[in-house]
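Novice: Take a look at protein_35.txt, compact mmCIF, C-alpha atoms and all ligand atoms:
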```txt
# COMPACT_ATOMS: atom_id res chain seq x y z
CA MET A 4 -9.78 -5.52 -7.14
CA SER A 5 -9.82 -1.93 -6.04
CA ASN A 6 -7.41 0.10 -8.11
CA ARG A 7 -6.37 3.47 -6.75
CA VAL A 8 -4.26 6.38 -7.92
CA VAL A 9 -0.90 6.57 -6.14
CA GLU A 10 1.59 9.29 -7.00
CA GLY A 11 -0.39 9.97 -10.18
CA ARG A 12 -0.53 6.38 -11.40
CA MET A 13 -3.31 3.81 -11.18
CA VAL A 14 -2.17 0.80 -9.17
CA THR A 15 -3.66 -2.60 -8.39
CA PRO A 16 -3.47 -4.05 -4.85
CA LYS A 17 -0.51 -6.24 -5.87
CA ARG A 18 1.29 -3.32 -7.49
CA LEU A 19 0.73 -1.17 -4.39
CA ALA A 20 2.18 -3.92 -2.17
CA GLU A 21 5.12 -4.20 -4.56
CA LEU A 22 5.77 -0.46 -4.33
CA VAL A 23 6.06 -0.72 -0.53
CA GLU A 24 7.69 -4.15 -0.28
CA GLY A 25 10.10 -3.89 -3.18
CA GLU A 26 9.00 -7.30 -4.46
CA ALA A 27 5.70 -8.55 -5.82
CA PRO A 28 3.59 -10.32 -3.16
CA LEU A 29 2.03 -13.76 -3.50
CA GLU A 30 -1.41 -12.36 -2.74
CA ALA A 31 -2.89 -8.96 -1.94
CA GLU A 32 -6.27 -7.92 -0.55
CA SER A 33 -8.30 -4.93 -1.68
CA ILE A 34 -6.89 -1.44 -1.17
CA GLU A 35 -8.59 0.44 1.67
CA ASP A 36 -8.45 3.91 3.16
CA ALA A 37 -6.12 3.86 6.17
CA GLU A 38 -8.05 6.74 7.80
CA MET A 39 -4.86 8.59 8.58
CA ASP A 40 -2.98 11.52 7.09
CA CYS A 41 0.51 11.20 5.68
CA PRO A 42 3.11 12.30 8.26
CA GLU A 43 5.19 13.81 5.45
CA CYS A 44 2.68 15.79 3.40
CA GLY A 45 -0.72 15.47 5.15
CA GLU A 46 -2.46 13.81 2.19
CA ASN A 47 -4.56 10.64 2.24
CA VAL A 48 -2.97 7.31 3.19
CA ILE A 49 -4.26 3.99 1.82
CA SER A 50 -3.49 0.49 3.05
CA VAL A 51 -3.26 -2.99 1.57
CA GLY A 52 -2.84 -6.36 3.24
CA TYR A 53 -0.59 -8.79 1.43
CA MET A 54 1.43 -11.98 1.75
CA PRO A 55 5.13 -11.52 0.90
CA SER A 56 5.59 -15.24 1.66
CA VAL A 57 3.33 -18.17 2.53
CA THR A 58 3.94 -17.69 6.26
CA GLU A 59 3.66 -13.92 6.56
CA PHE A 60 0.82 -11.38 6.35
CA VAL A 61 1.74 -7.70 6.30
CA THR A 62 -0.30 -4.52 6.10
CA ALA A 63 1.33 -1.76 4.09
CA TYR A 64 0.52 1.94 4.33
CA LYS A 65 1.20 4.28 1.42
CA CYS A 66 0.60 7.96 0.83
CA GLN A 67 -1.32 8.65 -2.38
CA GLU A 68 0.64 11.84 -3.12
CA CYS A 69 4.25 11.40 -1.99
CA SER A 70 6.75 8.59 -1.53
CA TRP A 71 6.01 7.95 2.16
CA SER A 72 5.20 4.35 3.08
CA ASP A 73 5.29 2.07 6.12
CA THR A 74 4.32 -1.46 7.17
CA ASP A 75 3.02 -3.03 10.38
CA ARG A 76 6.11 -5.25 10.72
ZN ZN A 101 2.59 12.04 1.68
```
Can the structure in the file be given as structure tokens, please?
Specialist:
Amino acid sequence: MSNRVVEGRMVTPKRLAELVEGEAPLEAESIEDAEMDCPECGENVISVGYMPSVTEFVTAYKCQECSWSDTDR
């Protein structure tokens, strides 16, 4: 587990994936730095790989400071 602060709240990898996906994933990997700046506010972006279903693996990107998010779908 690698909890991180997102928009002022501590989140787990699964919670971070849920914030981006809208539903809780089956599994989520550790949260990592995405090594990019948010296109909306310029702050740090983190990423998490997760499985929304048994046949799909998605990487989500989420700004730590604002509501911006994206996935590699
Ligand atoms: Zn941002």
Novice: Can you pull out every residue with an atom within 10 Å of ligand ZN 101 (chain A)? Use all atoms listed in the file and format it as a ChimeraX atom specification.
Specialist: /A:10,40-48,65-72
Novice: Pick from A:Thr74, A:Val61, A:Pro28, A:Ile34: nearest to Val14 (chain A), with only C-alpha atoms counted?
Specialist: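 Ranking A:Thr74, A:Val61, A:Pro28, A:Ile34 by distance to Val14 (chain A), first place goes to A:Ile34.
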Novice: In the coordinate frame of the file, compute which residues have an atom within 10 Å of (-5.8, -5.4, -6.6) when using only C-alpha atoms, and state them as a list in words.
Specialist: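 Every residue inside that radius is included here: Met4, Ser5, Asn6, Arg7, Val14, Thr15, Pro16, Lys17, Arg18, Leu19, Ala20, Glu30, Ala31, Glu32, Ser33, Ile34 and Val51 of chain A.
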Novice: Of the residues A:Glu26, A:Ser50, A:Met13, A:Pro55, which is the one nearest to Asp73 (chain A), using all atoms listed in the file?
Specialist: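 Of A:Glu26, A:Ser50, A:Met13, A:Pro55, the one nearest Asp73 (chain A) is A:Ser50, counting all atoms listed in the file.
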Novice: With all atoms listed in the file as the atoms that count, which of A:Thr62, A:Arg12, A:Asp75, A:Ser56 lies nearest to Leu29 (chain A)?
Specialist: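 Counting all atoms listed in the file, the residue closest to Leu29 (chain A) is A:Ser56.
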Novice: I'd like the interatomic distance between CA of Thr58 (chain A) and CA of Asp36 (chain A), to a tenth of an Å.
Specialist: 25.1 Å
Novice: Pick from A:Val8, A:Val57, A:Ile49, A:Ala63: nearest to Glu35 (chain A), with all atoms listed in the file counted?
Specialist: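 Selected residue with least distance to Glu35 (chain A): A:Ile49.
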Novice: When distances are computed from only C-alpha atoms, which of A:Leu22, A:Val9, A:Glu38, A:Ala27 shows the smallest separation from Met54 (chain A)?
Specialist: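 Closest residue, counting only C-alpha atoms: A:Ala27.
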Novice: Where atoms are absent from region 15-26 of chain A, fill them in so it carries N, CA and C atoms, then output it as a PDB file, in the coordinates of the input.
Specialist:
```pdb
ATOM      1  N   THR A  15      -2.876  -1.491  -8.925  1.00  0.00           N
ATOM      2  CA  THR A  15      -3.660  -2.600  -8.390  1.00  0.00           C
ATOM      3  C   THR A  15      -3.173  -2.882  -6.969  1.00  0.00           C
ATOM      4  N   PRO A  16      -3.941  -3.678  -6.189  1.00  0.00           N
ATOM      5  CA  PRO A  16      -3.470  -4.050  -4.850  1.00  0.00           C
ATOM      6  C   PRO A  16      -2.080  -4.686  -4.874  1.00  0.00           C
ATOM      7  N   LYS A  17      -1.831  -5.592  -5.810  1.00  0.00           N
ATOM      8  CA  LYS A  17      -0.510  -6.240  -5.870  1.00  0.00           C
ATOM      9  C   LYS A  17       0.591  -5.242  -6.209  1.00  0.00           C
ATOM     10  N   ARG A  18       0.284  -4.324  -7.108  1.00  0.00           N
ATOM     11  CA  ARG A  18       1.290  -3.320  -7.490  1.00  0.00           C
ATOM     12  C   ARG A  18       1.574  -2.385  -6.313  1.00  0.00           C
ATOM     13  N   LEU A  19       0.535  -2.029  -5.556  1.00  0.00           N
ATOM     14  CA  LEU A  19       0.730  -1.170  -4.390  1.00  0.00           C
ATOM     15  C   LEU A  19       1.628  -1.883  -3.368  1.00  0.00           C
ATOM     16  N   ALA A  20       1.345  -3.159  -3.099  1.00  0.00           N
ATOM     17  CA  ALA A  20       2.180  -3.920  -2.170  1.00  0.00           C
ATOM     18  C   ALA A  20       3.612  -3.988  -2.671  1.00  0.00           C
ATOM     19  N   GLU A  21       3.781  -4.136  -3.980  1.00  0.00           N
ATOM     20  CA  GLU A  21       5.120  -4.200  -4.560  1.00  0.00           C
ATOM     21  C   GLU A  21       5.864  -2.875  -4.392  1.00  0.00           C
ATOM     22  N   LEU A  22       5.145  -1.771  -4.505  1.00  0.00           N
ATOM     23  CA  LEU A  22       5.770  -0.460  -4.330  1.00  0.00           C
ATOM     24  C   LEU A  22       6.353  -0.323  -2.932  1.00  0.00           C
ATOM     25  N   VAL A  23       5.624  -0.838  -1.926  1.00  0.00           N
ATOM     26  CA  VAL A  23       6.060  -0.720  -0.530  1.00  0.00           C
ATOM     27  C   VAL A  23       7.100  -1.778  -0.200  1.00  0.00           C
ATOM     28  N   GLU A  24       6.849  -3.007  -0.651  1.00  0.00           N
ATOM     29  CA  GLU A  24       7.690  -4.150  -0.280  1.00  0.00           C
ATOM     30  C   GLU A  24       8.993  -4.213  -1.075  1.00  0.00           C
ATOM     31  N   GLY A  25       8.937  -3.786  -2.327  1.00  0.00           N
ATOM     32  CA  GLY A  25      10.100  -3.890  -3.180  1.00  0.00           C
ATOM     33  C   GLY A  25      10.088  -5.153  -4.033  1.00  0.00           C
ATOM     34  N   GLU A  26       9.186  -6.089  -3.671  1.00  0.00           N
ATOM     35  CA  GLU A  26       9.000  -7.300  -4.460  1.00  0.00           C
ATOM     36  C   GLU A  26       7.512  -7.580  -4.572  1.00  0.00           C
TER      37      GLU A  26
END
```
